[in-house]
Amino acid sequence: MMDEPAAGPLTDGFGRRIDYLRVSVTDRCDLRCSYCLPKDFKGFETPANWLRLDEMARLVGVFVGLGIRKVRLTGGEPLLRRGVADLARDIAAMPGLADLSVSTNGTQLVRHAEALRAAGVTRLNISLDTLDAAAFSQITGRDCLDSVLAGLAAARQAGYSPIKLNSVVHAATPEDDVRRLLDYAVEQGFVLRLIEPMPMGECGRGFTHTDLNALGTRLAADAGLVPSLAGSATGPARYWTAGEGAPVLGVITPMSRHFCAACNRVRLGVDGTLYLCLGQEAQVPLGRLLRSGASDSQLARAILVGIAAKPERHEFVTRPERIVRFMAQTGG
């Protein structure tokens, strides 16, 4: 009989503490953002292979028992899956969990913002690449910018704080669009985070990144913002503030200035596959183990072995063709 694994902290082979788990509750999405999914993509996971929500909660519970302190529910678009608020409630109640958040494209937030808040979700990351309706339709494949903006208003009304806007910015993105987003974020009290596209899948490799460190510095100077004293201690973003208090603008630069040395996260796919790095194929089939009858102790040991083998860094720059799966298949 195996001994019970000791509870956290989880540490990988490079001394990094792993305390953040991102959980994909579905690989489906109601948008087709050009850098994320091809418009004609049909290779989604078979629903029969999706973990049930109780199975997801069980796996998350094992992770929390091992030292995970932050959980984010992602997709695809997580709010397309029925019962996500119930899953959030189960996770929020787990002893030791310090933070539960959701990443969403915002199209479903008007209907779900209050329920998620009541379930224990305190933070939201909402994708928004432009405030131009025509450009939004071209990027996402849908004319629904008004629905996203209404969702943002509903989220603010529900009391979420902070609300972060995630905007993918590449070499062809008009700088005026980014400036308009920054003005909107300042006006609404949101945090704007600019993100370099990653070469995940064929569509991801179709976009050339631009150095967002330079763009962020320029935008911050023009807006009278100063570098945050907190730096990037709590995540991959480099932030600027209005002088004191919460961040206003951030940049996430996996391509021009990677942050692998401080990586603290792993991802759980909708089928229970544990992805150890976005830019590597290293993975652990936790869903298959769970459905084959593995005990919580056996699942914990598989997690520990996987974390110990977490790669040192991604290979997006040196081997961009390496990752054929799309971002939506990995989980946000």
# chains A, B, ... in the order shown; residues from 1 in each chain; ligands from 1
>>> residues_around(residues="Val169 in chain A", least_positions_apart="2", cutoff="6 Å", atoms="only C-alpha atoms", output="NGL selection string")
:A and (173 or 195-196)
>>> residues_around(residues="Thr130 in chain A", least_positions_apart="5", cutoff="7 Å", atoms="only C-alpha atoms", output="VMD selection string")
chain A and resid 135 to 136 177 181
>>> write_last_selection(atoms="N, CA, C and O atoms", output="CSV table (one decimal), in the first residue's frame")
chain,number,residue,atom,x,y,z
A,135,ALA,N,-13.4,45.6,-37.1
A,135,ALA,CA,-12.2,44.9,-36.8
A,135,ALA,C,-12.5,43.7,-35.8
A,135,ALA,O,-12.0,42.6,-36.0
A,136,PHE,N,-13.4,43.9,-34.9
A,136,PHE,CA,-13.8,42.8,-33.9
A,136,PHE,C,-14.4,41.7,-34.7
A,136,PHE,O,-14.1,40.5,-34.5
A,177,ASP,N,-5.7,51.4,-32.3
A,177,ASP,CA,-6.6,50.5,-31.7
A,177,ASP,C,-6.2,50.3,-30.2
A,177,ASP,O,-7.1,50.2,-29.3
A,181,LEU,N,-8.1,51.2,-26.7
A,181,LEU,CA,-8.4,50.3,-25.6
A,181,LEU,C,-7.9,50.7,-24.3
A,181,LEU,O,-8.5,50.6,-23.2
>>> select_by_dssp(residues="range 84-214 of chain A", states="strand (DSSP E or B)", output="ChimeraX atom specification")
/A:99-104,123-127,163-168,170,191-195,209
>>> write_last_selection(atoms="N, CA, C and O atoms", output="mmCIF file, in the first residue's frame")
data_model
loop_
_atom_site.group_PDB
_atom_site.id
_atom_site.type_symbol
_atom_site.label_atom_id
_atom_site.label_comp_id
_atom_site.auth_asym_id
_atom_site.auth_seq_id
_atom_site.Cartn_x
_atom_site.Cartn_y
_atom_site.Cartn_z
ATOM 1 N N ASP A 99 -7.445 31.606 -4.426
ATOM 2 C CA ASP A 99 -7.911 32.462 -5.514
ATOM 3 C C ASP A 99 -8.571 31.619 -6.589
ATOM 4 O O ASP A 99 -8.007 30.619 -7.037
ATOM 5 N N LEU A 100 -9.781 32.024 -7.001
ATOM 6 C CA LEU A 100 -10.500 31.360 -8.082
ATOM 7 C C LEU A 100 -10.932 32.417 -9.082
ATOM 8 O O LEU A 100 -11.621 33.375 -8.734
ATOM 9 N N SER A 101 -10.554 32.238 -10.357
ATOM 10 C CA SER A 101 -10.858 33.217 -11.388
ATOM 11 C C SER A 101 -11.336 32.506 -12.644
ATOM 12 O O SER A 101 -11.282 31.280 -12.748
ATOM 13 N N VAL A 102 -11.817 33.294 -13.598
ATOM 14 C CA VAL A 102 -12.332 32.765 -14.859
ATOM 15 C C VAL A 102 -11.800 33.609 -16.000
ATOM 16 O O VAL A 102 -11.760 34.846 -15.923
ATOM 17 N N SER A 103 -11.381 32.954 -17.081
ATOM 18 C CA SER A 103 -11.070 33.627 -18.343
ATOM 19 C C SER A 103 -12.229 33.403 -19.304
ATOM 20 O O SER A 103 -12.690 32.265 -19.467
ATOM 21 N N THR A 104 -12.709 34.458 -19.949
ATOM 22 C CA THR A 104 -13.870 34.364 -20.820
ATOM 23 C C THR A 104 -13.761 35.368 -21.954
ATOM 24 O O THR A 104 -13.036 36.369 -21.840
ATOM 25 N N ARG A 123 -12.340 37.120 -9.616
ATOM 26 C CA ARG A 123 -11.600 37.845 -10.652
ATOM 27 C C ARG A 123 -11.956 37.306 -12.027
ATOM 28 O O ARG A 123 -12.190 36.105 -12.194
ATOM 29 N N LEU A 124 -11.959 38.213 -13.013
ATOM 30 C CA LEU A 124 -12.234 37.842 -14.397
ATOM 31 C C LEU A 124 -11.158 38.390 -15.317
ATOM 32 O O LEU A 124 -10.714 39.536 -15.154
ATOM 33 N N ASN A 125 -10.756 37.579 -16.288
ATOM 34 C CA ASN A 125 -9.963 38.035 -17.427
ATOM 35 C C ASN A 125 -10.849 37.930 -18.655
ATOM 36 O O ASN A 125 -11.388 36.844 -18.936
ATOM 37 N N ILE A 126 -11.032 39.024 -19.372
ATOM 38 C CA ILE A 126 -11.957 39.059 -20.492
ATOM 39 C C ILE A 126 -11.201 39.455 -21.756
ATOM 40 O O ILE A 126 -10.517 40.483 -21.781
ATOM 41 N N SER A 127 -11.317 38.638 -22.786
ATOM 42 C CA SER A 127 -10.612 38.903 -24.042
ATOM 43 C C SER A 127 -11.284 40.044 -24.796
ATOM 44 O O SER A 127 -12.497 40.037 -24.998
ATOM 45 N N ILE A 163 -10.878 43.539 -12.917
ATOM 46 C CA ILE A 163 -11.293 43.002 -14.210
ATOM 47 C C ILE A 163 -10.173 43.318 -15.191
ATOM 48 O O ILE A 163 -9.815 44.482 -15.387
ATOM 49 N N LYS A 164 -9.597 42.267 -15.764
ATOM 50 C CA LYS A 164 -8.480 42.439 -16.688
ATOM 51 C C LYS A 164 -8.946 42.206 -18.118
ATOM 52 O O LYS A 164 -9.642 41.218 -18.392
ATOM 53 N N LEU A 165 -8.579 43.112 -19.007
ATOM 54 C CA LEU A 165 -8.834 42.956 -20.432
ATOM 55 C C LEU A 165 -7.589 42.374 -21.076
ATOM 56 O O LEU A 165 -6.507 42.963 -20.984
ATOM 57 N N ASN A 166 -7.719 41.225 -21.701
ATOM 58 C CA ASN A 166 -6.602 40.589 -22.392
ATOM 59 C C ASN A 166 -6.703 40.876 -23.877
ATOM 60 O O ASN A 166 -7.683 40.504 -24.520
ATOM 61 N N SER A 167 -5.695 41.536 -24.430
ATOM 62 C CA SER A 167 -5.718 41.937 -25.829
ATOM 63 C C SER A 167 -4.482 41.390 -26.544
ATOM 64 O O SER A 167 -3.351 41.725 -26.179
ATOM 65 N N VAL A 168 -4.705 40.543 -27.535
ATOM 66 C CA VAL A 168 -3.591 40.011 -28.333
ATOM 67 C C VAL A 168 -3.169 41.079 -29.341
ATOM 68 O O VAL A 168 -3.987 41.567 -30.125
ATOM 69 N N HIS A 170 -0.318 41.984 -32.287
ATOM 70 C CA HIS A 170 0.732 41.464 -33.164
ATOM 71 C C HIS A 170 1.252 42.581 -34.060
ATOM 72 O O HIS A 170 0.838 43.753 -33.919
ATOM 73 N N VAL A 191 -8.023 46.813 -16.084
ATOM 74 C CA VAL A 191 -6.583 46.668 -16.334
ATOM 75 C C VAL A 191 -6.411 46.114 -17.739
ATOM 76 O O VAL A 191 -6.953 45.044 -18.051
ATOM 77 N N LEU A 192 -5.692 46.822 -18.590
ATOM 78 C CA LEU A 192 -5.442 46.353 -19.951
ATOM 79 C C LEU A 192 -4.124 45.606 -20.000
ATOM 80 O O LEU A 192 -3.085 46.133 -19.601
ATOM 81 N N ARG A 193 -4.164 44.368 -20.516
ATOM 82 C CA ARG A 193 -2.943 43.564 -20.648
ATOM 83 C C ARG A 193 -2.764 43.212 -22.123
ATOM 84 O O ARG A 193 -3.630 42.586 -22.744
ATOM 85 N N LEU A 194 -1.641 43.618 -22.679
ATOM 86 C CA LEU A 194 -1.305 43.342 -24.065
ATOM 87 C C LEU A 194 -0.481 42.067 -24.115
ATOM 88 O O LEU A 194 0.478 41.891 -23.352
ATOM 89 N N ILE A 195 -0.835 41.163 -25.033
ATOM 90 C CA ILE A 195 -0.241 39.827 -25.062
ATOM 91 C C ILE A 195 0.319 39.530 -26.446
ATOM 92 O O ILE A 195 -0.373 39.705 -27.457
ATOM 93 N N HIS A 209 4.846 38.386 -34.019
ATOM 94 C CA HIS A 209 4.761 39.182 -32.793
ATOM 95 C C HIS A 209 5.554 40.469 -32.941
ATOM 96 O O HIS A 209 6.466 40.567 -33.767
#
>>> residues_around(residues="range 281-287 of chain A", least_positions_apart="3", cutoff="7 Å", atoms="only C-alpha atoms", output="PyMOL selection string")
chain A and resi 51+271-277+290-291+299+306
>>> closest_residue(among="A:Val186, A:Val305, A:Ala57, A:Ala262", to="Pro247 in chain A", atoms="only C-alpha atoms")
A:Val186
>>> residues_around(residues="Val270 in chain A", least_positions_apart="6", cutoff="12 Å", atoms="only C-alpha atoms", output="ChimeraX atom specification")
/A:22-28,44-53,55-56,59,73-78,81,285-288,328-332
>>> residues_around(residues="range 88-96 of chain A", least_positions_apart="6", cutoff="12 Å", atoms="only C-alpha atoms", output="PDB file with N, CA, C and O atoms, in the first residue's frame")
ATOM      1  N   ALA A   7       1.382  16.972   1.461  1.00  0.00           N
ATOM      2  CA  ALA A   7       0.795  18.161   0.850  1.00  0.00           C
ATOM      3  C   ALA A   7       1.875  19.173   0.554  1.00  0.00           C
ATOM      4  O   ALA A   7       2.806  19.345   1.322  1.00  0.00           O
ATOM      5  N   GLY A   8       1.746  19.897  -0.544  1.00  0.00           N
ATOM      6  CA  GLY A   8       2.603  20.932  -1.120  1.00  0.00           C
ATOM      7  C   GLY A   8       3.695  21.463  -0.186  1.00  0.00           C
ATOM      8  O   GLY A   8       3.865  20.989   0.913  1.00  0.00           O
ATOM      9  N   PRO A   9       4.485  22.431  -0.656  1.00  0.00           N
ATOM     10  CA  PRO A   9       4.317  23.009  -1.983  1.00  0.00           C
ATOM     11  C   PRO A   9       4.870  22.131  -3.098  1.00  0.00           C
ATOM     12  O   PRO A   9       5.807  21.361  -2.885  1.00  0.00           O
ATOM     13  N   ASP A  19       2.058  26.649  -8.118  1.00  0.00           N
ATOM     14  CA  ASP A  19       0.900  26.867  -7.248  1.00  0.00           C
ATOM     15  C   ASP A  19      -0.326  27.358  -8.011  1.00  0.00           C
ATOM     16  O   ASP A  19      -1.287  27.828  -7.405  1.00  0.00           O
ATOM     17  N   LEU A  21      -3.101  26.448 -11.221  1.00  0.00           N
ATOM     18  CA  LEU A  21      -3.663  25.470 -12.150  1.00  0.00           C
ATOM     19  C   LEU A  21      -4.736  26.139 -12.995  1.00  0.00           C
ATOM     20  O   LEU A  21      -5.661  26.755 -12.474  1.00  0.00           O
ATOM     21  N   VAL A  23      -7.730  25.327 -15.666  1.00  0.00           N
ATOM     22  CA  VAL A  23      -8.575  24.180 -15.976  1.00  0.00           C
ATOM     23  C   VAL A  23      -9.489  24.512 -17.149  1.00  0.00           C
ATOM     24  O   VAL A  23     -10.325  25.419 -17.063  1.00  0.00           O
ATOM     25  N   VAL A  25     -12.613  23.808 -19.092  1.00  0.00           N
ATOM     26  CA  VAL A  25     -13.867  23.072 -18.897  1.00  0.00           C
ATOM     27  C   VAL A  25     -14.502  22.680 -20.225  1.00  0.00           C
ATOM     28  O   VAL A  25     -15.418  21.849 -20.261  1.00  0.00           O
ATOM     29  N   LEU A  53     -18.029  17.283 -14.641  1.00  0.00           N
ATOM     30  CA  LEU A  53     -17.674  18.355 -13.724  1.00  0.00           C
ATOM     31  C   LEU A  53     -17.286  17.815 -12.347  1.00  0.00           C
ATOM     32  O   LEU A  53     -16.403  18.370 -11.684  1.00  0.00           O
ATOM     33  N   ASP A  54     -17.900  16.716 -11.919  1.00  0.00           N
ATOM     34  CA  ASP A  54     -17.499  16.134 -10.637  1.00  0.00           C
ATOM     35  C   ASP A  54     -16.095  15.528 -10.724  1.00  0.00           C
ATOM     36  O   ASP A  54     -15.345  15.550  -9.739  1.00  0.00           O
ATOM     37  N   GLU A  55     -15.741  15.001 -11.917  1.00  0.00           N
ATOM     38  CA  GLU A  55     -14.390  14.476 -12.103  1.00  0.00           C
ATOM     39  C   GLU A  55     -13.373  15.616 -12.095  1.00  0.00           C
ATOM     40  O   GLU A  55     -12.269  15.485 -11.527  1.00  0.00           O
ATOM     41  N   MET A  56     -13.740  16.737 -12.719  1.00  0.00           N
ATOM     42  CA  MET A  56     -12.855  17.898 -12.682  1.00  0.00           C
ATOM     43  C   MET A  56     -12.639  18.370 -11.254  1.00  0.00           C
ATOM     44  O   MET A  56     -11.507  18.657 -10.834  1.00  0.00           O
ATOM     45  N   ALA A  57     -13.740  18.459 -10.502  1.00  0.00           N
ATOM     46  CA  ALA A  57     -13.628  18.900  -9.119  1.00  0.00           C
ATOM     47  C   ALA A  57     -12.734  17.959  -8.315  1.00  0.00           C
ATOM     48  O   ALA A  57     -11.934  18.405  -7.483  1.00  0.00           O
ATOM     49  N   ARG A  58     -12.850  16.677  -8.582  1.00  0.00           N
ATOM     50  CA  ARG A  58     -12.007  15.713  -7.865  1.00  0.00           C
ATOM     51  C   ARG A  58     -10.532  15.944  -8.175  1.00  0.00           C
ATOM     52  O   ARG A  58      -9.691  15.983  -7.260  1.00  0.00           O
ATOM     53  N   LEU A  59     -10.206  16.103  -9.445  1.00  0.00           N
ATOM     54  CA  LEU A  59      -8.813  16.331  -9.818  1.00  0.00           C
ATOM     55  C   LEU A  59      -8.289  17.642  -9.237  1.00  0.00           C
ATOM     56  O   LEU A  59      -7.169  17.708  -8.724  1.00  0.00           O
ATOM     57  N   VAL A  60      -9.097  18.691  -9.326  1.00  0.00           N
ATOM     58  CA  VAL A  60      -8.668  19.966  -8.758  1.00  0.00           C
ATOM     59  C   VAL A  60      -8.422  19.810  -7.258  1.00  0.00           C
ATOM     60  O   VAL A  60      -7.450  20.344  -6.710  1.00  0.00           O
ATOM     61  N   GLY A  61      -9.265  19.047  -6.587  1.00  0.00           N
ATOM     62  CA  GLY A  61      -9.075  18.808  -5.167  1.00  0.00           C
ATOM     63  C   GLY A  61      -7.748  18.133  -4.861  1.00  0.00           C
ATOM     64  O   GLY A  61      -7.091  18.453  -3.868  1.00  0.00           O
ATOM     65  N   VAL A  62      -7.331  17.204  -5.721  1.00  0.00           N
ATOM     66  CA  VAL A  62      -6.035  16.558  -5.537  1.00  0.00           C
ATOM     67  C   VAL A  62      -4.918  17.580  -5.694  1.00  0.00           C
ATOM     68  O   VAL A  62      -3.961  17.621  -4.904  1.00  0.00           O
ATOM     69  N   PHE A  63      -5.029  18.439  -6.704  1.00  0.00           N
ATOM     70  CA  PHE A  63      -4.022  19.485  -6.903  1.00  0.00           C
ATOM     71  C   PHE A  63      -3.955  20.433  -5.703  1.00  0.00           C
ATOM     72  O   PHE A  63      -2.863  20.792  -5.241  1.00  0.00           O
ATOM     73  N   VAL A  64      -5.108  20.855  -5.213  1.00  0.00           N
ATOM     74  CA  VAL A  64      -5.130  21.770  -4.074  1.00  0.00           C
ATOM     75  C   VAL A  64      -4.504  21.098  -2.850  1.00  0.00           C
ATOM     76  O   VAL A  64      -3.761  21.726  -2.082  1.00  0.00           O
ATOM     77  N   GLY A  65      -4.767  19.815  -2.681  1.00  0.00           N
ATOM     78  CA  GLY A  65      -4.147  19.089  -1.586  1.00  0.00           C
ATOM     79  C   GLY A  65      -2.637  19.020  -1.690  1.00  0.00           C
ATOM     80  O   GLY A  65      -1.943  18.865  -0.681  1.00  0.00           O
ATOM     81  N   LEU A  66      -2.122  19.152  -2.898  1.00  0.00           N
ATOM     82  CA  LEU A  66      -0.676  19.115  -3.117  1.00  0.00           C
ATOM     83  C   LEU A  66      -0.031  20.501  -3.082  1.00  0.00           C
ATOM     84  O   LEU A  66       1.180  20.625  -3.237  1.00  0.00           O
ATOM     85  N   GLY A  67      -0.836  21.546  -2.920  1.00  0.00           N
ATOM     86  CA  GLY A  67      -0.247  22.880  -2.784  1.00  0.00           C
ATOM     87  C   GLY A  67      -0.675  23.906  -3.809  1.00  0.00           C
ATOM     88  O   GLY A  67      -0.193  25.044  -3.771  1.00  0.00           O
ATOM     89  N   ILE A  68      -1.556  23.541  -4.740  1.00  0.00           N
ATOM     90  CA  ILE A  68      -2.071  24.543  -5.670  1.00  0.00           C
ATOM     91  C   ILE A  68      -2.927  25.541  -4.889  1.00  0.00           C
ATOM     92  O   ILE A  68      -3.805  25.153  -4.119  1.00  0.00           O
ATOM     93  N   ARG A  69      -2.682  26.834  -5.105  1.00  0.00           N
ATOM     94  CA  ARG A  69      -3.402  27.866  -4.361  1.00  0.00           C
ATOM     95  C   ARG A  69      -4.263  28.749  -5.267  1.00  0.00           C
ATOM     96  O   ARG A  69      -5.150  29.446  -4.765  1.00  0.00           O
ATOM     97  N   LYS A  70      -3.993  28.737  -6.565  1.00  0.00           N
ATOM     98  CA  LYS A  70      -4.767  29.549  -7.508  1.00  0.00           C
ATOM     99  C   LYS A  70      -5.319  28.636  -8.596  1.00  0.00           C
ATOM    100  O   LYS A  70      -4.580  27.824  -9.157  1.00  0.00           O
ATOM    101  N   VAL A  71      -6.602  28.789  -8.902  1.00  0.00           N
ATOM    102  CA  VAL A  71      -7.229  28.029  -9.982  1.00  0.00           C
ATOM    103  C   VAL A  71      -7.954  29.010 -10.894  1.00  0.00           C
ATOM    104  O   VAL A  71      -8.624  29.933 -10.423  1.00  0.00           O
ATOM    105  N   ARG A  72      -7.800  28.805 -12.193  1.00  0.00           N
ATOM    106  CA  ARG A  72      -8.524  29.601 -13.189  1.00  0.00           C
ATOM    107  C   ARG A  72      -9.299  28.658 -14.095  1.00  0.00           C
ATOM    108  O   ARG A  72      -8.739  27.694 -14.629  1.00  0.00           O
ATOM    109  N   LEU A  73     -10.581  28.908 -14.274  1.00  0.00           N
ATOM    110  CA  LEU A  73     -11.409  28.149 -15.205  1.00  0.00           C
ATOM    111  C   LEU A  73     -11.345  28.814 -16.570  1.00  0.00           C
ATOM    112  O   LEU A  73     -11.579  30.019 -16.696  1.00  0.00           O
ATOM    113  N   THR A  74     -11.024  28.018 -17.594  1.00  0.00           N
ATOM    114  CA  THR A  74     -10.827  28.547 -18.933  1.00  0.00           C
ATOM    115  C   THR A  74     -11.552  27.656 -19.942  1.00  0.00           C
ATOM    116  O   THR A  74     -12.283  26.741 -19.588  1.00  0.00           O
ATOM    117  N   PRO A  78     -15.425  28.965 -21.407  1.00  0.00           N
ATOM    118  CA  PRO A  78     -15.932  28.138 -20.309  1.00  0.00           C
ATOM    119  C   PRO A  78     -17.422  28.322 -20.037  1.00  0.00           C
ATOM    120  O   PRO A  78     -18.083  27.386 -19.572  1.00  0.00           O
ATOM    121  N   LEU A  79     -17.971  29.494 -20.326  1.00  0.00           N
ATOM    122  CA  LEU A  79     -19.366  29.742 -19.981  1.00  0.00           C
ATOM    123  C   LEU A  79     -20.340  29.089 -20.954  1.00  0.00           C
ATOM    124  O   LEU A  79     -21.556  29.165 -20.760  1.00  0.00           O
ATOM    125  N   ARG A  82     -22.630  23.981 -19.462  1.00  0.00           N
ATOM    126  CA  ARG A  82     -23.654  24.036 -18.417  1.00  0.00           C
ATOM    127  C   ARG A  82     -23.073  23.552 -17.087  1.00  0.00           C
ATOM    128  O   ARG A  82     -22.357  22.561 -17.033  1.00  0.00           O
ATOM    129  N   VAL A 102     -11.817  33.294 -13.598  1.00  0.00           N
ATOM    130  CA  VAL A 102     -12.332  32.765 -14.859  1.00  0.00           C
ATOM    131  C   VAL A 102     -11.800  33.609 -16.000  1.00  0.00           C
ATOM    132  O   VAL A 102     -11.760  34.846 -15.923  1.00  0.00           O
ATOM    133  N   HIS A 112     -24.267  35.184 -16.849  1.00  0.00           N
ATOM    134  CA  HIS A 112     -23.561  34.366 -15.857  1.00  0.00           C
ATOM    135  C   HIS A 112     -22.770  35.139 -14.806  1.00  0.00           C
ATOM    136  O   HIS A 112     -22.293  34.524 -13.843  1.00  0.00           O
ATOM    137  N   ALA A 115     -24.064  34.762 -11.119  1.00  0.00           N
ATOM    138  CA  ALA A 115     -23.988  33.391 -10.608  1.00  0.00           C
ATOM    139  C   ALA A 115     -22.553  33.002 -10.287  1.00  0.00           C
ATOM    140  O   ALA A 115     -22.280  32.342  -9.270  1.00  0.00           O
ATOM    141  N   LEU A 116     -21.617  33.407 -11.134  1.00  0.00           N
ATOM    142  CA  LEU A 116     -20.212  33.100 -10.885  1.00  0.00           C
ATOM    143  C   LEU A 116     -19.709  33.817  -9.636  1.00  0.00           C
ATOM    144  O   LEU A 116     -18.964  33.252  -8.827  1.00  0.00           O
ATOM    145  N   ARG A 117     -20.126  35.056  -9.491  1.00  0.00           N
ATOM    146  CA  ARG A 117     -19.726  35.818  -8.311  1.00  0.00           C
ATOM    147  C   ARG A 117     -20.252  35.162  -7.040  1.00  0.00           C
ATOM    148  O   ARG A 117     -19.535  35.010  -6.042  1.00  0.00           O
ATOM    149  N   ALA A 118     -21.511  34.754  -7.075  1.00  0.00           N
ATOM    150  CA  ALA A 118     -22.108  34.090  -5.915  1.00  0.00           C
ATOM    151  C   ALA A 118     -21.432  32.763  -5.618  1.00  0.00           C
ATOM    152  O   ALA A 118     -21.388  32.319  -4.464  1.00  0.00           O
ATOM    153  N   ALA A 119     -20.874  32.127  -6.657  1.00  0.00           N
ATOM    154  CA  ALA A 119     -20.221  30.825  -6.486  1.00  0.00           C
ATOM    155  C   ALA A 119     -18.828  30.947  -5.887  1.00  0.00           C
ATOM    156  O   ALA A 119     -18.241  29.943  -5.471  1.00  0.00           O
ATOM    157  N   GLY A 120     -18.266  32.160  -5.860  1.00  0.00           N
ATOM    158  CA  GLY A 120     -16.948  32.337  -5.266  1.00  0.00           C
ATOM    159  C   GLY A 120     -15.873  32.809  -6.217  1.00  0.00           C
ATOM    160  O   GLY A 120     -14.704  32.917  -5.828  1.00  0.00           O
ATOM    161  N   VAL A 121     -16.223  33.096  -7.478  1.00  0.00           N
ATOM    162  CA  VAL A 121     -15.258  33.655  -8.430  1.00  0.00           C
ATOM    163  C   VAL A 121     -15.105  35.143  -8.129  1.00  0.00           C
ATOM    164  O   VAL A 121     -16.097  35.877  -8.074  1.00  0.00           O
ATOM    165  N   THR A 122     -13.871  35.594  -7.926  1.00  0.00           N
ATOM    166  CA  THR A 122     -13.653  36.993  -7.569  1.00  0.00           C
ATOM    167  C   THR A 122     -12.957  37.796  -8.655  1.00  0.00           C
ATOM    168  O   THR A 122     -12.971  39.032  -8.608  1.00  0.00           O
TER     169      THR A 122
END
